[in-house]
file input-v8.pdb (PDB, C-alpha atoms and all ligand atoms)
ATOM      1  CA  MET J  17       0.000   0.000   0.000
ATOM      2  CA  THR J  18       1.300   3.465  -0.875
ATOM      3  CA  GLU J  19       2.053   5.561   2.233
ATOM      4  CA  THR J  20       3.468   8.764   0.740
ATOM      5  CA  CYS J  21       3.249  10.580  -2.602
ATOM      6  CA  ILE J  22       4.759  13.830  -3.794
ATOM      7  CA  ALA J  23       3.119  15.507  -6.787
ATOM      8  CA  SER J  24       3.841  18.815  -8.468
ATOM      9  CA  ALA J  25       2.268  21.087 -11.072
ATOM     10  CA  PRO J  26       3.579  24.180 -12.856
ATOM     11  CA  GLY J  27       2.459  27.769 -12.464
ATOM     12  CA  LYS J  28       1.272  29.593 -15.562
ATOM     13  CA  LEU J  29       1.342  32.823 -17.527
ATOM     14  CA  ALA J  30      -1.614  33.962 -19.613
ATOM     15  CA  LEU J  31      -0.210  35.055 -22.985
ATOM     16  CA  PHE J  32      -3.416  36.076 -24.794
ATOM     17  CA  GLY J  33      -7.187  36.095 -24.369
ATOM     18  CA  GLU J  34      -7.737  36.502 -20.639
ATOM     19  CA  HIS J  35     -11.270  37.567 -19.562
ATOM     20  CA  ALA J  36     -12.637  36.716 -23.036
ATOM     21  CA  VAL J  37     -11.916  33.074 -22.143
ATOM     22  CA  VAL J  38     -14.351  33.338 -19.208
ATOM     23  CA  HIS J  39     -16.965  34.256 -21.827
ATOM     24  CA  GLY J  40     -16.336  31.278 -24.094
ATOM     25  CA  ARG J  41     -13.499  32.529 -26.304
ATOM     26  CA  HIS J  42     -10.003  31.069 -26.717
ATOM     27  CA  CYS J  43      -6.873  31.958 -24.801
ATOM     28  CA  ILE J  44      -3.204  30.995 -24.959
ATOM     29  CA  VAL J  45      -1.512  30.019 -21.730
ATOM     30  CA  THR J  46       1.955  28.675 -21.039
ATOM     31  CA  ALA J  47       3.215  26.610 -18.102
ATOM     32  CA  ILE J  48       6.271  28.026 -16.325
ATOM     33  CA  ASP J  49       9.214  26.253 -14.718
ATOM     34  CA  LYS J  50       8.163  27.385 -11.232
ATOM     35  CA  ARG J  51       6.139  24.629  -9.577
ATOM     36  CA  MET J  52       3.811  23.987  -6.662
ATOM     37  CA  TRP J  53       4.584  20.825  -4.659
ATOM     38  CA  VAL J  54       2.345  18.686  -2.468
ATOM     39  CA  LYS J  55       3.365  15.766  -0.248
ATOM     40  CA  VAL J  56       0.621  13.551   1.171
ATOM     41  CA  THR J  57       1.133  10.880   3.810
ATOM     42  CA  ARG J  58      -1.506   8.386   4.941
ATOM     43  CA  SER J  59      -2.820   9.367   8.409
ATOM     44  CA  ASN J  60      -5.846   9.103  10.687
ATOM     45  CA  GLN J  61      -6.494  12.843  10.559
ATOM     46  CA  THR J  62      -6.187  15.540   7.901
ATOM     47  CA  ILE J  63      -3.649  18.205   8.751
ATOM     48  CA  LEU J  64      -2.024  20.799   6.526
ATOM     49  CA  THR J  65       1.432  22.307   6.805
ATOM     50  CA  SER J  66       2.480  25.134   4.503
ATOM     51  CA  LYS J  67       5.431  27.129   5.797
ATOM     52  CA  GLN J  68       4.954  29.776   3.055
ATOM     53  CA  MET J  69       1.382  30.355   4.254
ATOM     54  CA  GLY J  70       2.415  30.219   7.922
ATOM     55  CA  LEU J  71       0.360  27.082   8.566
ATOM     56  CA  TYR J  72       1.695  24.293  10.793
ATOM     57  CA  ASN J  73      -0.351  21.143  11.432
ATOM     58  CA  TYR J  74      -3.566  22.999  10.625
ATOM     59  CA  ILE J  75      -6.491  20.609  11.180
ATOM     60  CA  ILE J  76      -8.939  20.303   8.270
ATOM     61  CA  LYS J  77     -12.472  19.132   9.024
ATOM     62  CA  ASP J  78     -15.660  19.118   6.923
ATOM     63  CA  GLY J  79     -18.167  21.965   7.178
ATOM     64  CA  VAL J  80     -15.748  24.724   8.162
ATOM     65  CA  ASN J  81     -15.365  28.015   6.280
ATOM     66  CA  TYR J  82     -11.660  28.160   5.604
ATOM     67  CA  PRO J  83      -9.565  31.119   4.468
ATOM     68  CA  LYS J  84      -8.884  31.054   0.708
ATOM     69  CA  GLU J  85      -5.452  29.388   0.928
ATOM     70  CA  VAL J  86      -6.835  26.452   2.899
ATOM     71  CA  ALA J  87     -10.152  26.307   1.037
ATOM     72  CA  TYR J  88      -8.603  24.894  -2.175
ATOM     73  CA  VAL J  89      -6.986  22.071  -0.195
ATOM     74  CA  ALA J  90     -10.130  21.339   1.857
ATOM     75  CA  ARG J  91     -12.392  21.341  -1.214
ATOM     76  CA  ALA J  92      -9.982  19.203  -3.229
ATOM     77  CA  ILE J  93     -10.047  16.592  -0.450
ATOM     78  CA  GLN J  94     -13.859  16.654  -0.490
ATOM     79  CA  ARG J  95     -13.897  16.189  -4.272
ATOM     80  CA  VAL J  96     -11.491  13.234  -4.056
ATOM     81  CA  SER J  97     -13.554  11.680  -1.210
ATOM     82  CA  GLY J  98     -16.686  12.110  -3.339
ATOM     83  CA  TYR J  99     -14.976  10.507  -6.340
ATOM     84  CA  LEU J 100     -13.681   7.551  -4.320
ATOM     85  CA  GLY J 101     -16.870   7.250  -2.250
ATOM     86  CA  ARG J 102     -15.050   7.203   1.095
ATOM     87  CA  PRO J 103     -13.414   9.695   3.465
ATOM     88  CA  ILE J 104      -9.790  10.585   2.771
ATOM     89  CA  LYS J 105      -7.370  11.410   5.559
ATOM     90  CA  ALA J 106      -3.784  12.505   5.041
ATOM     91  CA  GLU J 107      -1.012  14.661   6.383
ATOM     92  CA  ILE J 108      -0.458  17.268   3.703
ATOM     93  CA  GLU J 109       2.515  19.506   3.141
ATOM     94  CA  THR J 110       2.671  22.110   0.369
ATOM     95  CA  TRP J 111       5.500  24.310  -0.825
ATOM     96  CA  SER J 112       6.150  26.355  -3.903
ATOM     97  CA  ASP J 113       8.930  27.752  -6.095
ATOM     98  CA  PHE J 114       7.145  31.103  -6.422
ATOM     99  CA  SER J 115       5.278  33.733  -4.443
ATOM    100  CA  ALA J 116       1.472  33.558  -4.523
ATOM    101  CA  ASP J 117       1.522  37.345  -5.153
ATOM    102  CA  TYR J 118       2.738  37.029  -8.757
ATOM    103  CA  GLY J 119      -0.537  35.639 -10.127
ATOM    104  CA  PHE J 120       1.227  32.534 -11.460
ATOM    105  CA  GLY J 121      -1.748  30.334 -10.618
ATOM    106  CA  SER J 122      -0.739  28.949  -7.238
ATOM    107  CA  SER J 123      -4.354  28.041  -6.372
ATOM    108  CA  SER J 124      -4.904  25.924  -9.480
ATOM    109  CA  ALA J 125      -1.435  24.355  -9.261
ATOM    110  CA  VAL J 126      -1.983  23.362  -5.612
ATOM    111  CA  THR J 127      -5.444  21.995  -6.428
ATOM    112  CA  VAL J 128      -4.155  19.845  -9.290
ATOM    113  CA  SER J 129      -1.128  18.632  -7.282
ATOM    114  CA  ILE J 130      -3.147  17.660  -4.250
ATOM    115  CA  ILE J 131      -5.707  15.717  -6.271
ATOM    116  CA  LYS J 132      -2.933  13.947  -8.173
ATOM    117  CA  ALA J 133      -1.064  13.149  -4.934
ATOM    118  CA  LEU J 134      -4.180  11.840  -3.132
ATOM    119  CA  MET J 135      -5.051   9.613  -6.096
ATOM    120  CA  CYS J 136      -1.471   8.315  -6.112
ATOM    121  CA  MET J 137      -1.758   7.526  -2.363
ATOM    122  CA  ASN J 138      -4.820   5.449  -3.298
ATOM    123  CA  ASP J 139      -2.885   3.743  -6.137
ATOM    124  CA  LEU J 140      -5.009   5.420  -8.798
ATOM    125  CA  GLU J 141      -3.972   7.444 -11.812
ATOM    126  CA  LEU J 142      -6.641   9.659 -13.337
ATOM    127  CA  ASN J 143      -6.667  10.521 -17.013
ATOM    128  CA  ASP J 144      -6.148  14.228 -17.769
ATOM    129  CA  LYS J 145      -9.826  14.823 -18.502
ATOM    130  CA  THR J 146     -11.007  13.451 -15.133
ATOM    131  CA  LEU J 147      -8.192  15.245 -13.312
ATOM    132  CA  PHE J 148      -9.361  18.445 -15.012
ATOM    133  CA  GLU J 149     -13.014  17.868 -14.028
ATOM    134  CA  LEU J 150     -12.167  17.268 -10.352
ATOM    135  CA  SER J 151      -9.699  20.183 -10.216
ATOM    136  CA  TYR J 152     -11.916  22.662 -12.071
ATOM    137  CA  GLY J 153     -14.869  21.604  -9.890
ATOM    138  CA  THR J 154     -12.738  22.398  -6.830
ATOM    139  CA  VAL J 155     -11.819  25.843  -8.187
ATOM    140  CA  ILE J 156     -15.492  26.645  -8.895
ATOM    141  CA  ASP J 157     -16.412  25.442  -5.366
ATOM    142  CA  VAL J 158     -14.003  28.023  -3.944
ATOM    143  CA  GLN J 159     -14.301  30.943  -6.404
ATOM    144  CA  GLY J 160     -18.037  30.556  -6.983
ATOM    145  CA  ARG J 161     -20.266  31.824  -9.741
ATOM    146  CA  HIS J 162     -21.387  35.250 -10.844
ATOM    147  CA  ASN J 163     -24.467  36.070  -8.781
ATOM    148  CA  LYS J 164     -26.595  37.311 -11.716
ATOM    149  CA  SER J 165     -25.409  35.334 -14.743
ATOM    150  CA  GLY J 166     -24.715  32.178 -12.688
ATOM    151  CA  GLN J 167     -21.650  31.393 -14.792
ATOM    152  CA  PRO J 168     -18.460  30.144 -13.126
ATOM    153  CA  LEU J 169     -16.011  32.952 -12.385
ATOM    154  CA  ALA J 170     -13.073  30.824 -13.474
ATOM    155  CA  SER J 171     -12.556  29.587 -17.027
ATOM    156  CA  GLY J 172     -10.285  26.718 -15.962
ATOM    157  CA  PHE J 173      -7.402  27.873 -18.223
ATOM    158  CA  ASP J 174      -4.934  27.810 -15.328
ATOM    159  CA  VAL J 175      -6.076  24.342 -14.262
ATOM    160  CA  ALA J 176      -5.510  23.140 -17.841
ATOM    161  CA  ALA J 177      -2.013  24.702 -17.890
ATOM    162  CA  ALA J 178      -1.170  22.993 -14.581
ATOM    163  CA  ILE J 179      -2.315  19.596 -15.905
ATOM    164  CA  TYR J 180      -1.131  19.624 -19.519
ATOM    165  CA  GLY J 181       1.935  21.880 -19.267
ATOM    166  CA  GLY J 182       3.553  23.305 -22.420
ATOM    167  CA  THR J 183       1.834  26.132 -24.253
ATOM    168  CA  ILE J 184      -1.825  25.491 -25.019
ATOM    169  CA  ASP J 185      -4.849  26.905 -26.768
ATOM    170  CA  PHE J 186      -7.666  26.666 -24.209
ATOM    171  CA  SER J 187     -11.350  27.386 -24.404
ATOM    172  CA  LYS J 188     -14.214  26.201 -22.207
ATOM    173  CA  ASN J 189     -15.978  23.076 -23.507
ATOM    174  CA  GLU J 190     -13.371  22.395 -26.199
ATOM    175  CA  VAL J 191     -10.384  20.099 -26.145
ATOM    176  CA  VAL J 192      -7.050  21.559 -25.134
ATOM    177  CA  VAL J 193      -4.775  22.071 -28.150
ATOM    178  CA  PRO J 194      -1.020  21.932 -27.478
ATOM    179  CA  LEU J 195       0.858  24.600 -29.439
ATOM    180  CA  ARG J 196       4.315  24.006 -30.746
ATOM    181  CA  SER J 197       6.456  26.968 -29.796
ATOM    182  CA  GLY J 198      10.160  27.551 -29.401
ATOM    183  CA  GLN J 199      11.561  29.577 -26.503
ATOM    184  CA  ILE J 200       9.466  32.742 -26.770
ATOM    185  CA  PRO J 201      11.665  35.801 -26.028
ATOM    186  CA  LEU J 202       9.402  36.823 -23.168
ATOM    187  CA  LEU J 203      10.179  39.178 -20.340
ATOM    188  CA  VAL J 204       8.073  38.977 -17.182
ATOM    189  CA  ALA J 205       7.826  41.792 -14.639
ATOM    190  CA  TYR J 206       5.885  41.995 -11.380
ATOM    191  CA  SER J 207       4.000  45.255 -10.895
ATOM    192  CA  GLY J 208       4.391  45.195  -7.122
ATOM    193  CA  SER J 209       0.802  44.553  -6.156
ATOM    194  CA  LYS J 210      -1.435  41.526  -5.964
ATOM    195  CA  ALA J 211      -4.789  41.604  -7.738
ATOM    196  CA  SER J 212      -8.032  39.834  -6.849
ATOM    197  CA  THR J 213      -8.978  37.724  -9.873
ATOM    198  CA  VAL J 214     -12.507  37.112  -8.574
ATOM    199  CA  GLU J 215     -13.116  40.836  -8.094
ATOM    200  CA  LEU J 216     -11.868  41.687 -11.609
ATOM    201  CA  VAL J 217     -13.804  38.881 -13.307
ATOM    202  CA  ASN J 218     -16.919  40.049 -11.465
ATOM    203  CA  ARG J 219     -16.275  43.600 -12.608
ATOM    204  CA  VAL J 220     -15.965  42.618 -16.291
ATOM    205  CA  THR J 221     -18.961  40.278 -16.133
ATOM    206  CA  GLU J 222     -21.006  43.072 -14.544
ATOM    207  CA  LEU J 223     -19.899  45.589 -17.208
ATOM    208  CA  CYS J 224     -20.811  43.113 -19.915
ATOM    209  CA  LEU J 225     -24.317  42.501 -18.574
ATOM    210  CA  ASP J 226     -24.984  46.214 -19.184
ATOM    211  CA  HIS J 227     -22.939  46.581 -22.394
ATOM    212  CA  LYS J 228     -23.382  43.223 -24.048
ATOM    213  CA  VAL J 229     -22.935  44.423 -27.646
ATOM    214  CA  PHE J 230     -19.594  46.130 -26.939
ATOM    215  CA  CYS J 231     -18.275  43.274 -24.837
ATOM    216  CA  GLU J 232     -19.220  40.666 -27.412
ATOM    217  CA  ALA J 233     -17.343  42.704 -30.043
ATOM    218  CA  LEU J 234     -14.282  43.042 -27.773
ATOM    219  CA  PHE J 235     -14.332  39.325 -26.926
ATOM    220  CA  ASN J 236     -14.579  38.456 -30.628
ATOM    221  CA  ILE J 237     -11.536  40.634 -31.360
ATOM    222  CA  SER J 238      -9.718  38.922 -28.495
ATOM    223  CA  ASP J 239     -10.550  35.580 -30.111
ATOM    224  CA  GLN J 240      -9.138  36.808 -33.442
ATOM    225  CA  ILE J 241      -5.971  38.003 -31.693
ATOM    226  CA  VAL J 242      -5.548  34.484 -30.276
ATOM    227  CA  GLN J 243      -5.912  32.946 -33.742
ATOM    228  CA  LEU J 244      -3.315  35.339 -35.205
ATOM    229  CA  ALA J 245      -1.004  34.794 -32.221
ATOM    230  CA  LYS J 246      -1.123  31.026 -32.833
ATOM    231  CA  GLY J 247       0.100  31.683 -36.384
ATOM    232  CA  ALA J 248       2.856  34.048 -35.194
ATOM    233  CA  LEU J 249       3.979  31.508 -32.559
ATOM    234  CA  ALA J 250       4.134  28.712 -35.102
ATOM    235  CA  VAL J 251       6.517  30.647 -37.375
ATOM    236  CA  GLU J 252       8.304  32.385 -34.472
ATOM    237  CA  ASN J 253       7.382  35.834 -35.758
ATOM    238  CA  TRP J 254       8.185  37.639 -32.509
ATOM    239  CA  GLU J 255       7.607  41.135 -33.885
ATOM    240  CA  GLU J 256       4.053  40.205 -34.870
ATOM    241  CA  LEU J 257       3.495  38.448 -31.531
ATOM    242  CA  GLY J 258       4.553  41.640 -29.733
ATOM    243  CA  LYS J 259       2.175  43.788 -31.758
ATOM    244  CA  LEU J 260      -0.680  41.419 -30.983
ATOM    245  CA  MET J 261       0.169  41.653 -27.282
ATOM    246  CA  THR J 262      -0.065  45.433 -27.344
ATOM    247  CA  ILE J 263      -3.450  45.256 -29.105
ATOM    248  CA  ASN J 264      -4.632  42.702 -26.528
ATOM    249  CA  HIS J 265      -3.499  45.030 -23.747
ATOM    250  CA  GLY J 266      -5.545  47.904 -25.209
ATOM    251  CA  LEU J 267      -8.546  45.639 -25.352
ATOM    252  CA  LEU J 268      -8.172  44.607 -21.709
ATOM    253  CA  SER J 269      -7.769  48.290 -20.872
ATOM    254  CA  SER J 270     -11.123  48.960 -22.602
ATOM    255  CA  LEU J 271     -12.667  46.415 -20.260
ATOM    256  CA  GLY J 272     -11.328  48.451 -17.338
ATOM    257  CA  VAL J 273      -8.886  45.931 -15.892
ATOM    258  CA  SER J 274      -5.579  47.712 -16.475
ATOM    259  CA  SER J 275      -4.086  50.186 -13.990
ATOM    260  CA  ILE J 276      -1.806  53.213 -14.100
ATOM    261  CA  LYS J 277       1.067  51.007 -12.976
ATOM    262  CA  LEU J 278       0.420  48.280 -15.547
ATOM    263  CA  ASP J 279       0.025  50.855 -18.330
ATOM    264  CA  SER J 280       3.276  52.570 -17.330
ATOM    265  CA  LEU J 281       5.180  49.255 -17.328
ATOM    266  CA  VAL J 282       3.727  48.328 -20.732
ATOM    267  CA  SER J 283       4.599  51.764 -22.196
ATOM    268  CA  ALA J 284       8.099  51.734 -20.673
ATOM    269  CA  SER J 285       8.774  48.311 -22.230
ATOM    270  CA  ILE J 286       7.621  49.374 -25.684
ATOM    271  CA  ASN J 287       9.452  52.720 -25.557
ATOM    272  CA  ALA J 288      12.656  50.888 -24.614
ATOM    273  CA  GLY J 289      12.431  48.612 -27.649
ATOM    274  CA  ALA J 290      10.092  45.709 -26.811
ATOM    275  CA  TYR J 291       8.055  44.493 -29.804
ATOM    276  CA  GLY J 292       4.976  44.728 -27.625
ATOM    277  CA  ALA J 293       3.674  44.164 -24.099
ATOM    278  CA  LYS J 294       0.523  43.510 -22.115
ATOM    279  CA  LEU J 295      -0.790  42.768 -18.671
ATOM    280  CA  SER J 296      -1.003  39.038 -17.969
ATOM    281  CA  GLY J 297      -3.958  37.544 -16.091
ATOM    282  CA  ALA J 298      -6.931  39.269 -14.549
ATOM    283  CA  GLY J 299      -5.284  42.727 -14.440
ATOM    284  CA  GLY J 300      -5.355  45.283 -11.623
ATOM    285  CA  GLY J 301      -1.813  44.239 -10.598
ATOM    286  CA  ASP J 302       0.270  41.031 -10.818
ATOM    287  CA  CYS J 303       2.560  40.871 -13.873
ATOM    288  CA  ILE J 304       3.148  42.300 -17.316
ATOM    289  CA  ILE J 305       4.779  40.383 -20.145
ATOM    290  CA  ALA J 306       6.768  41.797 -23.069
ATOM    291  CA  ILE J 307       8.319  40.387 -26.228
ATOM    292  CA  VAL J 308      11.937  41.455 -26.274
ATOM    293  CA  GLU J 309      14.844  40.369 -28.487
ATOM    294  CA  ARG J 310      18.128  39.526 -26.771
ATOM    295  CA  ASP J 311      19.911  42.753 -27.870
ATOM    296  CA  THR J 312      17.285  45.078 -26.348
ATOM    297  CA  ARG J 313      16.555  43.013 -23.243
ATOM    298  CA  LEU J 314      18.832  44.888 -20.854
ATOM    299  CA  LYS J 315      17.473  48.267 -21.988
ATOM    300  CA  VAL J 316      13.876  47.089 -21.498
ATOM    301  CA  GLU J 317      14.698  45.537 -18.113
ATOM    302  CA  ASN J 318      16.210  48.830 -16.934
ATOM    303  CA  ALA J 319      13.207  50.808 -18.182
ATOM    304  CA  ILE J 320      10.866  48.462 -16.295
ATOM    305  CA  LYS J 321      12.944  48.772 -13.114
ATOM    306  CA  ARG J 322      12.882  52.589 -13.384
ATOM    307  CA  GLU J 323       9.057  52.359 -13.410
ATOM    308  CA  GLY J 324       9.191  50.280 -10.221
ATOM    309  CA  GLY J 325       8.684  46.834 -11.781
ATOM    310  CA  THR J 326      10.592  43.712 -10.711
ATOM    311  CA  ILE J 327      11.996  41.367 -13.363
ATOM    312  CA  ILE J 328      11.089  37.732 -12.783
ATOM    313  CA  ASN J 329      13.106  35.043 -14.525
ATOM    314  CA  VAL J 330      10.974  32.180 -15.741
ATOM    315  CA  ASN J 331      11.232  29.596 -18.504
ATOM    316  CA  LEU J 332       8.124  28.651 -20.448
ATOM    317  CA  ASN J 333       6.682  25.418 -21.853
ATOM    318  CA  ALA J 334       7.253  23.545 -18.584
ATOM    319  CA  GLU J 335       6.120  19.994 -17.902
ATOM    320  CA  GLY J 336       2.557  19.507 -16.642
ATOM    321  CA  ALA J 337       1.403  17.792 -13.441
ATOM    322  CA  ARG J 338       3.439  14.763 -12.412
ATOM    323  CA  ILE J 339       4.151  12.361  -9.578
ATOM    324  CA  ASP J 340       7.627  13.102  -8.244
ATOM    325  CA  LYS J 341       7.867  10.383  -5.570
ATOM    326  CA  LYS J 342       5.834   7.387  -4.420
ATOM    327  CA  ASP J 343       6.709   5.199  -1.402
TER     328      ASP J 343
HETATM  329  O1  LIG B 401      -5.440  36.454 -12.513
HETATM  330  P1  LIG B 401      -5.076  35.198 -13.187
HETATM  331  O2  LIG B 401      -3.636  35.129 -13.552
HETATM  332  O3  LIG B 401      -5.513  33.983 -12.448
HETATM  333  O4  LIG B 401      -5.837  35.179 -14.585
HETATM  334  C1  LIG B 401      -7.221  35.336 -14.674
HETATM  335  C2  LIG B 401      -7.656  35.181 -16.086
HETATM  336  C3  LIG B 401      -9.142  35.394 -16.296
HETATM  337  O5  LIG B 401      -9.409  35.135 -17.676
HETATM  338  C4  LIG B 401      -9.512  36.829 -16.017
HETATM  339  C5  LIG B 401      -9.984  34.479 -15.422
HETATM  340  C6  LIG B 401     -10.067  33.040 -15.889
HETATM  341  O6  LIG B 401     -10.363  32.174 -15.057
HETATM  342  O7  LIG B 401      -9.894  32.765 -17.091
END

call {"tool": "encode", "arguments": {"input": "input-v8.pdb", "output": "structure tokens", "more": "lines below"}}
Ligand code: PMV
result
Amino acid sequence: MTETCIASAPGKLALFGEHAVVHGRHCIVTAIDKRMWVKVTRSNQTILTSKQMGLYNYIIKDGVNYPKEVAYVARAIQRVSGYLGRPIKAEIETWSDFSADYGFGSSSAVTVSIIKALMCMNDLELNDKTLFELSYGTVIDVQGRHNKSGQPLASGFDVAAAIYGGTIDFSKNEVVVPLRSGQIPLLVAYSGSKASTVELVNRVTELCLDHKVFCEALFNISDQIVQLAKGALAVENWEELGKLMTINHGLLSSLGVSSIKLDSLVSASINAGAYGAKLSGAGGGDCIIAIVERDTRLKVENAIKREGGTIINVNLNAEGARIDKKD
């Protein structure tokens, strides 16, 4: 019988199509080489330790309203128990290669890793589709639905990136399409503040209930940008990819999710020689991404730093969820 399993899943960066993907359009997301790790050990009670979150032997029981960080773990356990038809108890330890502030998808990566690890402890291996259903279900349990439209606030793009890895074309209710891409010359910079994805998705969904015609048009353009970006990625046309990023940024700005800081980082990057730049993720804060050739990289990095941004070194196209150890 398996006593202990360690599983891990990558964080992600949204390259194109965020927000529109919540409303049924496509997006492009890439898995990064910074991972979230979960170790589960068979036990007679469920306790969580996460040094990064300041949690030590935190007891998890059913029917309690947990803070967000714990809620993903608690809900994932419930989902796995429901799937297996019996209660699951385990000592759980989580740790991560990156700060939860960056918007790299720590919640989805921890959810996927914990479900994968718990299945491994029960000598089961789920196919990707079932792992996605259980993980996405967990994320919806925690993030909820929009109170008027009733649609889930999360598209599941980050869950898909954590499971499949690589760079993918994702849209709700369609199969994930892996995209072949070389090392994209991408620069990532943290704006210095954390954004609330749920709040921003709610804001856009609310805006779009009142301005449906405009939003539909913007989402359709976003979808076209994604299609063009897939073409540019395939032939490694970085200049075109950059231009598409800048257009996508303007579109997200029209939806009201950019900020003075994000705009200034995007402008600074482009003025210093980047082919293009955009906010990545829900907006409001977190990170910007820019397409920058090797010879202008230092100049762009310095311009970003002068605007108060922090350069984050990540590699893209990382491996998806995996079992790292089984005893
Ligand atoms: O804030 P992030 O990095 O989790 O990205 C959110 C992207 C949205 O499209 C706004 C939401 C979603 O679930 O697709």

call {"tool": "resolve_selection", "arguments": {"input": "input-v8.pdb", "expression": "the PyMOL selection byres (((chain J and resi 234) around 12) and not hetatm)", "output": "ChimeraX atom specification"}}
result
/J:33-37,39,41,220,224,227-233,235-241,263-271

call {"tool": "residues_around", "arguments": {"input": "input-v8.pdb", "residues": "range 169-186 of chain J", "least_positions_apart": "4", "cutoff": "7 Å", "atoms": "all atoms listed in the file", "output": "number ranges by chain"}}
result
J: 25-28, 37-38, 42-47, 121, 124-125, 128, 144, 148, 151-152, 156, 159-162, 192-195, 214, 217, 333-337

call {"tool": "axis_aligned_box", "arguments": {"input": "input-v8.pdb", "around": "ligand LIG 401 (chain B)", "padding_each_side": "3 Å", "output": "lines of an AutoDock Vina configuration file"}}
result
center_x = -7.0
center_y = 34.5
center_z = -15.1
size_x = 12.7
size_y = 10.7
size_z = 11.2

call {"tool": "closest_residue", "arguments": {"input": "input-v8.pdb", "among": "J:Ser122, J:Thr146, J:Gln243, J:Ser280", "to": "Leu29 in chain J", "atoms": "all atoms listed in the file"}}
result
J:Ser122

call {"tool": "atom_distance", "arguments": {"input": "input-v8.pdb", "atom1": "CA of Met17 in chain J", "atom2": "CA of Val56 in chain J"}}
result
13.6 Å

call {"tool": "resolve_selection", "arguments": {"input": "input-v8.pdb", "expression": "the PyMOL selection byres (((chain J and resi 245) around 9) and not hetatm)", "output": "ChimeraX atom specification"}}
result
/J:32,44,240-244,246-250,256-257,260-261

call {"tool": "build_atoms", "arguments": {"input": "input-v8.pdb", "residues": "range 190-201 of chain J", "atoms": "N, CA, C and O atoms", "output": "JSON list (two decimals), in the frame of the given file"}}
result
[["chain", "number", "residue", "atom", "x", "y", "z"],
["J", 190, "GLU", "N", -14.06, 22.94, -25.02],
["J", 190, "GLU", "CA", -13.37, 22.40, -26.20],
["J", 190, "GLU", "C", -12.10, 21.70, -25.74],
["J", 190, "GLU", "O", -11.58, 22.01, -24.67],
["J", 191, "VAL", "N", -11.59, 20.80, -26.57],
["J", 191, "VAL", "CA", -10.38, 20.10, -26.14],
["J", 191, "VAL", "C", -9.19, 21.05, -26.15],
["J", 191, "VAL", "O", -9.13, 22.00, -26.93],
["J", 192, "VAL", "N", -8.27, 20.76, -25.24],
["J", 192, "VAL", "CA", -7.05, 21.56, -25.13],
["J", 192, "VAL", "C", -6.15, 21.25, -26.34],
["J", 192, "VAL", "O", -5.96, 20.08, -26.67],
["J", 193, "VAL", "N", -5.66, 22.30, -26.99],
["J", 193, "VAL", "CA", -4.78, 22.07, -28.15],
["J", 193, "VAL", "C", -3.35, 22.50, -27.79],
["J", 193, "VAL", "O", -3.10, 23.68, -27.54],
["J", 194, "PRO", "N", -2.41, 21.54, -27.75],
["J", 194, "PRO", "CA", -1.02, 21.93, -27.48],
["J", 194, "PRO", "C", -0.46, 22.71, -28.66],
["J", 194, "PRO", "O", -0.71, 22.36, -29.81],
["J", 195, "LEU", "N", 0.27, 23.79, -28.37],
["J", 195, "LEU", "CA", 0.86, 24.60, -29.44],
["J", 195, "LEU", "C", 2.36, 24.36, -29.45],
["J", 195, "LEU", "O", 2.99, 24.33, -28.40],
["J", 196, "ARG", "N", 2.88, 24.19, -30.65],
["J", 196, "ARG", "CA", 4.32, 24.01, -30.75],
["J", 196, "ARG", "C", 4.95, 25.40, -30.73],
["J", 196, "ARG", "O", 4.57, 26.27, -31.51],
["J", 197, "SER", "N", 5.81, 25.65, -29.80],
["J", 197, "SER", "CA", 6.46, 26.97, -29.80],
["J", 197, "SER", "C", 7.87, 26.83, -29.27],
["J", 197, "SER", "O", 8.11, 26.08, -28.34],
["J", 198, "GLY", "N", 8.78, 27.56, -29.88],
["J", 198, "GLY", "CA", 10.16, 27.55, -29.40],
["J", 198, "GLY", "C", 10.24, 28.39, -28.14],
["J", 198, "GLY", "O", 9.21, 28.73, -27.55],
["J", 199, "GLN", "N", 11.45, 28.73, -27.69],
["J", 199, "GLN", "CA", 11.56, 29.58, -26.50],
["J", 199, "GLN", "C", 11.13, 31.00, -26.88],
["J", 199, "GLN", "O", 11.85, 31.71, -27.59],
["J", 200, "ILE", "N", 9.96, 31.40, -26.46],
["J", 200, "ILE", "CA", 9.47, 32.74, -26.77],
["J", 200, "ILE", "C", 10.34, 33.76, -26.04],
["J", 200, "ILE", "O", 10.60, 33.59, -24.84],
["J", 201, "PRO", "N", 10.84, 34.81, -26.73],
["J", 201, "PRO", "CA", 11.66, 35.80, -26.03],
["J", 201, "PRO", "C", 10.80, 36.70, -25.14],
["J", 201, "PRO", "O", 10.52, 37.86, -25.47]]
